[in-house]
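Engineer: Provided herewith: my_file-v9.tsv, TSV, C-alpha atoms.
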chain	number	residue	atom	x	y	z
N	1	MET	CA	-5.25	-5.07	-18.04
N	2	THR	CA	-2.23	-4.26	-15.85
N	3	THR	CA	1.06	-5.72	-17.07
N	4	LEU	CA	4.27	-5.91	-15.04
N	5	ARG	CA	7.77	-6.21	-16.47
N	6	THR	CA	11.28	-5.96	-15.12
N	7	PRO	CA	12.34	-3.28	-14.53
N	8	GLY	CA	8.91	-2.14	-13.43
N	9	PRO	CA	7.48	1.37	-13.35
N	10	THR	CA	9.22	4.08	-11.38
N	11	ILE	CA	7.54	6.53	-9.01
N	12	GLY	CA	9.39	9.81	-8.51
N	13	VAL	CA	8.75	11.19	-5.03
N	14	VAL	CA	9.38	14.77	-3.96
N	15	GLY	CA	10.47	14.25	-0.36
N	16	GLY	CA	12.59	11.52	1.15
N	17	GLY	CA	11.53	11.41	4.80
N	18	GLN	CA	9.93	8.51	6.63
N	19	LEU	CA	6.89	8.57	4.34
N	20	GLY	CA	9.11	8.17	1.30
N	21	ARG	CA	10.96	5.39	3.08
N	22	MET	CA	7.79	3.43	3.85
N	23	LEU	CA	6.43	4.09	0.34
N	24	ALA	CA	9.58	2.57	-1.17
N	25	GLU	CA	9.30	-0.43	1.17
N	26	ALA	CA	5.71	-1.02	0.07
N	27	ALA	CA	6.38	-0.46	-3.62
N	28	ALA	CA	9.23	-2.97	-3.90
N	29	PRO	CA	7.12	-6.17	-3.61
N	30	LEU	CA	4.91	-4.82	-6.41
N	31	GLY	CA	7.93	-4.57	-8.72
N	32	VAL	CA	7.78	-0.77	-8.53
N	33	GLU	CA	10.92	1.30	-8.11
N	34	VAL	CA	11.08	4.60	-6.23
N	35	VAL	CA	13.44	7.54	-6.77
N	36	VAL	CA	13.25	10.33	-4.20
N	37	LEU	CA	14.26	13.98	-4.25
N	38	ASP	CA	15.31	15.51	-0.94
N	39	PRO	CA	17.77	18.22	0.10
N	40	THR	CA	19.24	16.11	2.93
N	41	PRO	CA	22.00	13.79	1.68
N	42	ASP	CA	21.36	10.15	2.62
N	43	CYS	CA	17.81	11.03	3.69
N	44	PRO	CA	15.68	8.44	5.55
N	45	ALA	CA	14.26	7.05	2.28
N	46	ALA	CA	17.67	6.68	0.62
N	47	PRO	CA	18.59	3.21	1.98
N	48	VAL	CA	15.43	1.61	0.55
N	49	ALA	CA	14.72	3.74	-2.54
N	50	ARG	CA	16.31	3.03	-5.94
N	51	ASP	CA	18.13	6.36	-5.82
N	52	GLN	CA	18.10	9.85	-4.35
N	53	ILE	CA	18.41	13.18	-6.12
N	54	VAL	CA	19.84	15.71	-3.67
N	55	ALA	CA	17.90	18.91	-4.33
N	56	GLY	CA	15.40	21.24	-2.69
N	57	PHE	CA	11.66	20.67	-2.83
N	58	ASP	CA	11.32	23.68	-5.15
N	59	ASP	CA	14.45	23.02	-7.22
N	60	GLU	CA	13.19	22.98	-10.80
N	61	ALA	CA	16.29	21.38	-12.26
N	62	GLY	CA	16.14	18.62	-9.68
N	63	ILE	CA	12.44	17.99	-10.24
N	64	ARG	CA	13.04	17.88	-14.00
N	65	GLU	CA	15.71	15.24	-13.46
N	66	LEU	CA	13.27	13.32	-11.24
N	67	ALA	CA	10.59	13.51	-13.94
N	68	SER	CA	13.05	12.23	-16.56
N	69	ARG	CA	13.61	9.09	-14.46
N	70	ALA	CA	10.00	8.42	-13.47
N	71	ASP	CA	6.74	7.28	-15.01
N	72	ILE	CA	4.73	9.24	-12.45
N	73	LEU	CA	5.50	11.98	-9.91
N	74	THR	CA	4.07	12.28	-6.41
N	75	PHE	CA	5.09	13.95	-3.16
N	76	GLU	CA	5.31	13.01	0.49
N	77	ILE	CA	5.66	16.52	1.87
N	78	GLU	CA	3.52	19.61	1.37
N	79	LEU	CA	6.65	21.76	0.91
N	80	ALA	CA	6.75	20.49	-2.67
N	81	ASP	CA	6.31	23.47	-4.99
N	82	GLN	CA	3.06	23.03	-6.92
N	83	ASP	CA	3.92	25.59	-9.61
N	84	VAL	CA	7.24	23.93	-10.40
N	85	MET	CA	5.68	20.47	-10.44
N	86	GLU	CA	2.90	21.59	-12.77
N	87	ARG	CA	5.35	23.29	-15.12
N	88	VAL	CA	7.66	20.25	-15.20
N	89	SER	CA	4.72	17.93	-15.78
N	90	ASP	CA	3.44	20.04	-18.67
N	91	ASP	CA	6.89	20.20	-20.27
N	92	THR	CA	7.88	16.56	-19.82
N	93	GLY	CA	4.52	14.81	-20.00
N	94	THR	CA	5.18	13.06	-16.67
N	95	PRO	CA	1.89	13.07	-14.73
N	96	VAL	CA	1.68	14.26	-11.11
N	97	HIS	CA	-0.69	12.68	-8.59
N	98	PRO	CA	-2.32	14.06	-6.56
N	99	LYS	CA	-2.60	17.01	-8.95
N	100	PRO	CA	-0.63	20.20	-8.22
N	101	SER	CA	-3.96	22.04	-8.03
N	102	THR	CA	-4.87	19.96	-4.98
N	103	LEU	CA	-1.51	20.75	-3.41
N	104	GLU	CA	-2.19	24.43	-4.04
N	105	THR	CA	-5.51	24.14	-2.22
N	106	ILE	CA	-3.93	22.29	0.71
N	107	HIS	CA	-1.01	24.73	1.05
N	108	ASP	CA	-3.28	27.52	2.27
N	109	LYS	CA	-5.53	26.43	5.14
N	110	LEU	CA	-7.92	29.33	4.53
N	111	VAL	CA	-8.34	28.41	0.85
N	112	GLN	CA	-8.75	24.77	1.88
N	113	LYS	CA	-11.53	25.58	4.37
N	114	ARG	CA	-13.35	27.87	1.94
N	115	GLU	CA	-13.38	25.31	-0.86
N	116	LEU	CA	-14.55	22.54	1.44
N	117	GLU	CA	-17.25	24.68	3.01
N	118	ASP	CA	-18.47	25.65	-0.47
N	119	ALA	CA	-18.68	21.94	-1.30
N	120	GLY	CA	-20.86	21.27	1.73
N	121	VAL	CA	-18.20	19.61	3.88
N	122	PRO	CA	-18.86	20.42	7.57
N	123	VAL	CA	-16.11	22.63	9.03
N	124	PRO	CA	-15.80	24.67	12.25
N	125	PRO	CA	-16.62	28.39	11.95
N	126	PHE	CA	-13.55	30.26	10.65
N	127	ARG	CA	-12.41	33.57	9.23
N	128	ALA	CA	-9.35	35.26	7.76
N	129	VAL	CA	-7.11	37.30	10.06
N	130	GLU	CA	-5.46	40.55	9.05
N	131	ASP	CA	-4.75	41.98	12.49
N	132	ALA	CA	-5.29	41.39	16.21
N	133	ASP	CA	-8.71	43.03	16.07
N	134	ASP	CA	-9.90	40.23	13.79
N	135	ILE	CA	-8.95	37.72	16.48
N	136	ARG	CA	-10.75	39.75	19.12
N	137	GLY	CA	-13.81	39.88	16.89
N	138	ALA	CA	-13.70	36.11	16.50
N	139	ILE	CA	-13.63	35.75	20.29
N	140	ASP	CA	-16.72	37.96	20.48
N	141	ASP	CA	-18.51	35.75	17.94
N	142	TYR	CA	-17.18	32.28	18.77
N	143	GLY	CA	-16.24	32.61	22.43
N	144	ALA	CA	-12.85	31.96	23.99
N	145	PRO	CA	-10.59	30.23	23.37
N	146	VAL	CA	-10.17	30.32	19.59
N	147	MET	CA	-7.52	28.58	17.51
N	148	LEU	CA	-5.18	30.77	15.49
N	149	LYS	CA	-3.54	28.97	12.59
N	150	ALA	CA	-0.79	29.92	10.17
N	151	ARG	CA	-2.30	29.62	6.72
N	152	THR	CA	0.85	28.03	5.28
N	153	GLY	CA	3.75	25.94	6.49
N	154	GLY	CA	2.39	24.55	9.75
N	155	TYR	CA	2.71	20.88	10.74
N	156	ASP	CA	2.94	18.84	13.95
N	157	GLY	CA	1.37	21.70	15.85
N	158	ARG	CA	3.71	24.35	14.50
N	159	GLY	CA	1.73	27.41	13.51
N	160	ASN	CA	-1.30	26.51	15.66
N	161	VAL	CA	-1.79	28.80	18.65
N	162	PRO	CA	-4.76	28.72	21.05
N	163	VAL	CA	-5.82	32.24	22.03
N	164	GLU	CA	-7.37	32.24	25.48
N	165	SER	CA	-8.40	35.91	25.68
N	166	LYS	CA	-8.48	39.17	23.76
N	167	ALA	CA	-5.41	40.32	25.68
N	168	ASP	CA	-3.41	37.48	24.08
N	169	ALA	CA	-4.40	38.31	20.49
N	170	ALA	CA	-1.46	40.52	19.50
N	171	ASP	CA	1.20	38.18	20.93
N	172	ALA	CA	-0.43	35.15	19.32
N	173	LEU	CA	-0.51	36.81	15.92
N	174	GLU	CA	3.14	37.81	16.25
N	175	SER	CA	4.10	34.22	17.08
N	176	VAL	CA	2.45	32.96	13.89
N	177	ALA	CA	4.53	35.48	11.90
N	178	GLY	CA	2.63	35.42	8.63
N	179	PRO	CA	-0.82	35.15	7.01
N	180	ALA	CA	-3.26	33.59	9.45
N	181	MET	CA	-6.80	32.40	9.99
N	182	VAL	CA	-8.83	31.76	13.12
N	183	GLU	CA	-11.26	28.97	13.94
N	184	SER	CA	-13.73	28.44	16.72
N	185	PHE	CA	-12.41	26.03	19.33
N	186	VAL	CA	-14.11	22.64	18.91
N	187	ASP	CA	-15.21	20.94	22.11
N	188	PHE	CA	-14.58	17.45	20.76
N	189	GLU	CA	-15.24	14.03	22.19
N	190	ARG	CA	-12.30	12.64	20.27
N	191	GLU	CA	-10.13	13.34	17.28
N	192	VAL	CA	-10.46	10.79	14.50
N	193	SER	CA	-9.08	10.34	11.02
N	194	VAL	CA	-9.93	8.48	7.86
N	195	ILE	CA	-7.22	7.37	5.45
N	196	ALA	CA	-8.96	7.57	2.08
N	197	VAL	CA	-7.73	6.50	-1.34
N	198	LYS	CA	-8.71	7.92	-4.70
N	199	GLY	CA	-7.94	5.55	-7.56
N	200	GLU	CA	-8.46	5.68	-11.30
N	201	ASP	CA	-12.20	5.11	-11.05
N	202	GLU	CA	-12.70	3.92	-7.47
N	203	ILE	CA	-12.56	5.21	-3.92
N	204	ALA	CA	-11.63	3.24	-0.79
N	205	THR	CA	-11.50	4.14	2.89
N	206	PHE	CA	-9.75	2.45	5.79
N	207	PRO	CA	-11.46	1.96	9.17
N	208	ILE	CA	-11.43	5.19	11.17
N	209	GLY	CA	-8.68	5.72	13.71
N	210	GLU	CA	-8.90	7.54	17.02
N	211	ASN	CA	-6.00	9.93	17.51
N	212	VAL	CA	-4.45	11.15	20.75
N	213	HIS	CA	-2.53	14.41	20.49
N	214	GLU	CA	-0.34	16.18	23.01
N	215	ASP	CA	1.05	19.65	22.30
N	216	GLU	CA	-0.61	19.34	18.87
N	217	ILE	CA	1.62	16.34	18.01
N	218	LEU	CA	0.13	12.94	17.27
N	219	ARG	CA	1.13	10.48	19.96
N	220	GLU	CA	-1.20	7.49	19.50
N	221	THR	CA	-3.74	6.06	17.07
N	222	VAL	CA	-6.31	3.45	18.11
N	223	VAL	CA	-8.09	1.39	15.44
N	224	PRO	CA	-10.97	0.93	15.33
N	225	ALA	CA	-11.87	4.23	16.94
N	226	ARG	CA	-13.99	3.96	20.07
N	227	SER	CA	-16.88	5.66	18.28
N	228	SER	CA	-20.46	4.60	17.60
N	229	GLU	CA	-21.50	2.97	14.36
N	230	ASP	CA	-23.38	6.11	13.35
N	231	ILE	CA	-20.32	8.29	13.90
N	232	THR	CA	-18.17	5.83	11.95
N	233	GLU	CA	-20.54	5.94	8.99
N	234	ARG	CA	-20.67	9.73	9.13
N	235	ALA	CA	-16.86	10.00	9.19
N	236	HIS	CA	-16.59	7.81	6.10
N	237	ALA	CA	-19.26	9.86	4.33
N	238	VAL	CA	-17.44	13.12	5.09
N	239	ALA	CA	-14.16	11.60	3.88
N	240	ARG	CA	-15.77	10.62	0.59
N	241	ASP	CA	-17.17	14.13	0.21
N	242	VAL	CA	-13.66	15.51	0.78
N	243	LEU	CA	-12.29	13.31	-2.01
N	244	GLU	CA	-14.81	14.81	-4.40
N	245	VAL	CA	-13.05	18.17	-3.88
N	246	MET	CA	-9.53	16.76	-4.25
N	247	ASP	CA	-8.06	16.44	-7.73
N	248	GLY	CA	-5.83	13.50	-8.54
N	249	ARG	CA	-5.14	9.94	-7.47
N	250	GLY	CA	-3.49	8.94	-4.22
N	251	VAL	CA	-3.90	8.59	-0.48
N	252	TYR	CA	-5.37	11.41	1.60
N	253	GLY	CA	-5.14	11.69	5.37
N	254	ILE	CA	-8.38	13.32	6.54
N	255	GLU	CA	-8.38	14.57	10.14
N	256	LEU	CA	-11.77	15.05	11.78
N	257	PHE	CA	-13.35	16.14	15.05
N	258	GLU	CA	-16.08	14.05	16.65
N	259	THR	CA	-17.98	16.60	18.73
N	260	ARG	CA	-19.73	15.91	22.01
N	261	GLU	CA	-23.01	16.47	20.17
N	262	GLY	CA	-22.24	13.63	17.76
N	263	GLU	CA	-21.23	15.74	14.76
N	264	ILE	CA	-18.24	15.20	12.47
N	265	LEU	CA	-16.28	18.32	11.51
N	266	LEU	CA	-13.28	18.49	9.21
N	267	ASN	CA	-10.02	19.58	10.79
N	268	GLU	CA	-7.32	19.30	8.11
N	269	ILE	CA	-6.31	17.26	5.05
N	270	ALA	CA	-2.93	15.85	4.02
N	271	PRO	CA	-2.77	14.91	0.30
N	272	ARG	CA	-0.40	12.01	1.01
N	273	PRO	CA	0.01	9.06	3.38
N	274	HIS	CA	-0.40	10.24	6.96
N	275	ASN	CA	1.08	9.45	10.37
N	276	SER	CA	-2.34	8.33	11.61
N	277	GLY	CA	-2.36	5.68	8.86
N	278	HIS	CA	0.91	3.96	9.73
N	279	TRP	CA	-1.08	1.32	11.62
N	280	THR	CA	-2.22	-0.04	8.24
N	281	ILE	CA	1.17	-1.67	7.64
N	282	GLU	CA	0.34	-4.41	10.15
N	283	GLY	CA	-3.32	-3.79	10.84
N	284	ALA	CA	-4.92	-3.78	7.37
N	285	GLN	CA	-4.86	-6.15	4.43
N	286	SER	CA	-3.00	-3.55	2.38
N	287	SER	CA	-1.13	-0.58	3.79
N	288	GLN	CA	-1.73	3.07	2.98
N	289	PHE	CA	1.68	3.08	1.26
N	290	GLU	CA	0.87	0.16	-1.02
N	291	GLN	CA	-2.44	1.87	-1.79
N	292	HIS	CA	-0.68	5.13	-2.66
N	293	ALA	CA	1.65	3.32	-5.07
N	294	ARG	CA	-1.28	1.51	-6.69
N	295	ALA	CA	-3.38	4.67	-6.89
N	296	VAL	CA	-0.82	7.02	-8.43
N	297	LEU	CA	0.04	4.38	-11.04
N	298	GLY	CA	-3.65	3.93	-11.89
N	299	TRP	CA	-3.62	0.28	-10.75
N	300	PRO	CA	-6.60	-1.40	-9.04
N	301	LEU	CA	-6.71	-0.65	-5.32
N	302	GLY	CA	-6.17	-3.29	-2.65
N	303	SER	CA	-8.40	-4.23	0.27
N	304	THR	CA	-8.65	-1.75	3.16
N	305	LYS	CA	-10.21	-4.31	5.50
N	306	LEU	CA	-8.99	-4.42	9.09
N	307	ARG	CA	-6.96	-7.51	9.96
N	308	SER	CA	-7.36	-7.00	13.70
N	309	PRO	CA	-7.57	-4.09	16.16
N	310	THR	CA	-4.26	-2.21	16.17
N	311	VAL	CA	-2.69	0.57	18.23
N	312	LEU	CA	0.14	2.83	17.11
N	313	THR	CA	2.39	4.90	19.36
N	314	ASN	CA	4.93	7.35	17.98
N	315	LEU	CA	8.51	7.34	19.22
N	316	LEU	CA	9.34	11.00	19.81
N	317	ALA	CA	12.82	12.15	20.75
N	318	ASP	CA	12.72	12.76	24.52
N	319	VAL	CA	15.76	15.07	24.42
N	320	ASP	CA	16.32	18.67	25.42
N	321	GLU	CA	18.63	19.54	22.54
N	322	GLU	CA	19.68	18.15	19.18
N	323	GLY	CA	22.04	15.22	19.22
N	324	ARG	CA	22.87	11.89	17.64
N	325	ALA	CA	19.87	9.58	17.21
N	326	GLU	CA	20.25	6.58	19.52
N	327	LEU	CA	17.24	4.66	20.83
N	328	SER	CA	18.07	2.62	23.91
N	329	ASP	CA	16.36	-0.36	25.54
N	330	ILE	CA	14.41	-1.65	22.53
N	331	ASP	CA	14.60	-5.27	23.70
N	332	ARG	CA	11.11	-5.35	25.21
N	333	ILE	CA	9.61	-4.17	21.92
N	334	LEU	CA	11.50	-6.82	19.98
N	335	GLU	CA	10.48	-9.53	22.46
N	336	THR	CA	6.75	-8.70	22.37
N	337	PRO	CA	5.12	-10.98	19.75
N	338	ALA	CA	2.37	-8.56	18.72
N	339	ALA	CA	4.64	-5.49	18.55
N	340	HIS	CA	6.33	-4.11	15.45
N	341	LEU	CA	9.12	-1.53	15.58
N	342	HIS	CA	9.57	0.97	12.74
N	343	TRP	CA	12.77	3.03	12.77
N	344	TYR	CA	12.89	5.98	10.38
N	345	GLY	CA	16.66	6.22	9.99
N	346	LYS	CA	16.98	9.88	10.95
N	347	ARG	CA	20.53	10.75	11.98
N	348	GLN	CA	19.72	13.51	14.46
N	349	ALA	CA	17.28	13.55	17.35
N	350	ARG	CA	15.61	16.87	18.10
N	351	PRO	CA	13.10	17.58	20.87
N	352	LEU	CA	9.79	15.83	20.04
N	353	ARG	CA	10.95	14.85	16.56
N	354	LYS	CA	9.23	11.74	15.20
N	355	MET	CA	11.95	9.11	15.04
N	356	GLY	CA	9.87	5.97	14.61
N	357	HIS	CA	6.74	4.21	15.76
N	358	VAL	CA	5.53	0.97	17.31
N	359	THR	CA	2.33	-0.87	16.43
N	360	VAL	CA	0.67	-3.52	18.58
N	361	SER	CA	-1.94	-5.71	16.88
N	362	GLY	CA	-4.49	-8.06	18.38
N	363	GLU	CA	-4.47	-11.78	17.68
N	364	THR	CA	-8.21	-11.88	16.93
N	365	GLU	CA	-10.77	-9.63	15.27
N	366	ASP	CA	-12.37	-8.84	18.64
N	367	ALA	CA	-9.14	-8.08	20.53
N	368	ASP	CA	-9.47	-5.51	23.33
N	369	VAL	CA	-8.09	-2.16	22.15
N	370	GLU	CA	-7.71	-0.98	25.75
N	371	ALA	CA	-5.29	-3.82	26.45
N	372	LEU	CA	-3.43	-3.14	23.21
N	373	LEU	CA	-3.14	0.54	24.12
N	374	GLU	CA	-1.80	-0.31	27.57
N	375	THR	CA	0.84	-2.56	26.00
N	376	ALA	CA	1.84	0.08	23.43
N	377	ARG	CA	2.20	2.76	26.10
N	378	ASP	CA	4.29	0.47	28.27
N	379	LEU	CA	6.63	-0.30	25.36
N	380	GLU	CA	6.99	3.39	24.46
N	381	GLU	CA	7.77	4.37	28.05
N	382	ARG	CA	10.59	1.83	28.28
N	383	VAL	CA	12.69	3.30	25.48
N	384	THR	CA	14.63	6.57	25.45
N	385	PHE	CA	16.81	8.75	23.27
N	386	ARG	CA	18.56	10.19	26.31
N	387	THR	CA	22.19	9.19	26.75
Let's see the structure in the file written out as structure tokens.

Structural biologist:
Amino acid sequence: MTTLRTPGPTIGVVGGGQLGRMLAEAAAPLGVEVVVLDPTPDCPAAPVARDQIVAGFDDEAGIRELASRADILTFEIELADQDVMERVSDDTGTPVHPKPSTLETIHDKLVQKRELEDAGVPVPPFRAVEDADDIRGAIDDYGAPVMLKARTGGYDGRGNVPVESKADAADALESVAGPAMVESFVDFEREVSVIAVKGEDEIATFPIGENVHEDEILRETVVPARSSEDITERAHAVARDVLEVMDGRGVYGIELFETREGEILLNEIAPRPHNSGHWTIEGAQSSQFEQHARAVLGWPLGSTKLRSPTVLTNLLADVDEEGRAELSDIDRILETPAAHLHWYGKRQARPLRKMGHVTVSGETEDADVEALLETARDLEERVTFRT
């Protein structure tokens, strides 16, 4: 039996970006407090969290202080140091979810792919890369182009380099500047994702979303995805298989390829709430952030049922150089009844930095996603960070 008192439990979060901000917003109605740790003073989560500890993601003293103030530790960024978190958890008795071992698996894309392949999860052909000849060999075996990926540290397209020919191999490897792997290029029909939740003794999945990327950065998510029922069932089955490999409670963002042949292949996993799940705040009966709070605390999970078709569009900084974050002409968004504006509170706008998002939800369960997408794109095109 779950009992709630005041003050309620506290979740300590390594990372205080927009995910930490939205987690704190979702936790508050449950009577749950959030303390974040982030190296940036007055980080995006700070205005809505109970408190912020200003420290690096691998700062052991800072993470120990966070553990001393929390009932449970989690993270909203993969830069969290799994060794430090495991050591602090062992010393203080403050649990970490998802487990540091899962974070260790996720940190290295090659390790991640090997473990998932061993577990029977379908993945594109891949191999480790030591030198440019390994890339050229992959082109011989897989055909061109291939996708070169940094094994660690990549996000929002950083560290992912398509290699069009053998002549490009050396330059591509130099641009990655570190340990790398290579994958066959997937000729996909669409990119989809499943936001999955691992609770104390239950698993839940949200409806699959269809993701539109440009320059390897997520621009839009359409829910439900414009996929067949068979593909939808297969995507959920693969997501559940992925959770069997992951250790620890919480939300997992599982990115997938739907191939032109009707297969589902795993792309990547985020052991935390994910950009492609932000639509759940308005579009589902409980958001991915509420689910993450429930899951890490060991509470019963909420419903993942779709309220109505929903489209998300990210607000990326359309600037050429870093400057003060100012979003102009938001009136149309505010005046559109089905639209919801989310501002992340970042102080500086950098080229293509995610500064916020807009969701547009249908009024009925059978609302036309094409019309919602057209509305969302129109709203996004009307705003600008340019001064």

Engineer: Between atom CA of N:His274 and atom CA of N:Glu115, what distance in Å does the model show, to one decimal?

Structural biologist: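 That distance, rounded to one decimal, is 21.4 Å.
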
Engineer: Which residues, written as a list in words, have at least one atom at most 6 Å from stretch 98-108 of chain N, with all atoms listed in the file counted and residues fewer than 3 positions away on the same chain left out?

Structural biologist: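 Skipping anything fewer than 3 positions along the chain leaves Gln82, Glu86, Val111, Gln112, Arg151, Thr152, Met246, Asp247, Gly248, Arg249 and Gly250 of chain N.
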
Engineer: What's the separation between atom CA of N:Glu214 and atom CA of N:Asn314, in Å to one decimal place?

Structural biologist: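 Distance between the two atoms: 11.4 Å.
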
Engineer: Quick one: contact table of stretch 222-260 of chain N to stretch 282-291 of chain N, 12 Å max, nearest atom pair and distance in Å to one decimal per residue, counting all atoms listed in the file, chain and number order, as CSV?

Structural biologist:
residue,atom,partner,partner_atom,distance
N:Val222,CA,N:Gly283,CA,10.7
N:Val223,CA,N:Gly283,CA,8.4
N:Pro224,CA,N:Gly283,CA,10.0
N:Arg249,CA,N:Gln291,CA,10.2
N:Gly250,CA,N:Gln291,CA,7.5
N:Val251,CA,N:Gln288,CA,6.9
N:Tyr252,CA,N:Gln288,CA,9.2
N:Gly253,CA,N:Gln288,CA,9.6

Engineer: Given only C-alpha atoms as the basis, pick out the residue of N:Val186, N:Leu73, N:Leu373, N:Val146 nearest to N:Thr310.

Structural biologist: N:Leu373

Engineer: With a distance cut-off of 9 Å and all atoms listed in the file, select the neighbouring residues of N:Ala46, excluding the residue or stretch itself and same-chain residues fewer than 3 positions from it, and output the selection as a ChimeraX atom specification.

Structural biologist: /N:16-17,20-21,35-36,41-43,49-52

Engineer: Between N:Val123, N:Leu266, N:Val129, N:Ala26, which is the closest to N:Ser193 once you count all atoms listed in the file?

Structural biologist: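 Looking only at the distances to N:Ser193, the closest residue turns out to be N:Leu266.
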
Engineer: Work out how far atom CA of N:Gly12 is from atom CA of N:Arg64, in Å to one decimal.

Structural biologist: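 If I compute the distance from atom CA of N:Arg64 to atom CA of N:Gly12, I get 10.4 Å.
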
Engineer: With only C-alpha atoms counted, which protein, DNA or RNA residues have an atom no more than 9 Å from (9.4, 3.6, 17.8) in the file frame? Please answer as a VMD selection string.

Structural biologist: chain N and resid 313 to 316 327 330 333 340 to 344 354 to 359 379 to 380 383

Engineer: Using all atoms listed in the file, which residues sit within 8 Å of stretch 148-150 of chain N once same-chain residues fewer than 5 positions away are excluded, as an NGL selection string?

Structural biologist: :N and (109 or 135 or 159-163 or 172-173 or 176-183)

Engineer: Hey, which of N:Lys305, N:Arg332, N:His278, N:Arg127 ends up closest to N:Phe206? Count all atoms listed in the file.

Structural biologist: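 Once distances to N:Phe206 are computed over all atoms listed in the file, the minimum belongs to N:Lys305.
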
Engineer: Fewer than 2 positions away in the same chain doesn't count, so skip those; otherwise give me all residues within 12 Å of N:Ala28, counting all atoms listed in the file, as a VMD selection string.

Structural biologist: chain N and resid 6 to 11 21 to 26 30 to 35 48 to 50 289 to 290 293 to 294

Engineer: Please determine, counting all atoms listed in the file, which residue among N:Thr375, N:Ile63, N:Ala80, N:Glu189 has the shortest atom-to-atom distance to N:Thr94.

Structural biologist: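 The shortest atom-to-atom distance to N:Thr94 comes from N:Ile63.
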
Engineer: Show which residues sit within 8 Å of N:Gly362, as a count of residues only. Count all atoms listed in the file, and ignore same-chain residues fewer than 4 positions away.

Structural biologist: 9

Engineer: With all atoms listed in the file as the atoms that count, which of N:Asp134, N:Ser303, N:Leu297, N:Glu117 lies nearest to N:Pro207?

Structural biologist: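 Closest to N:Pro207, using all atoms listed in the file: N:Ser303.
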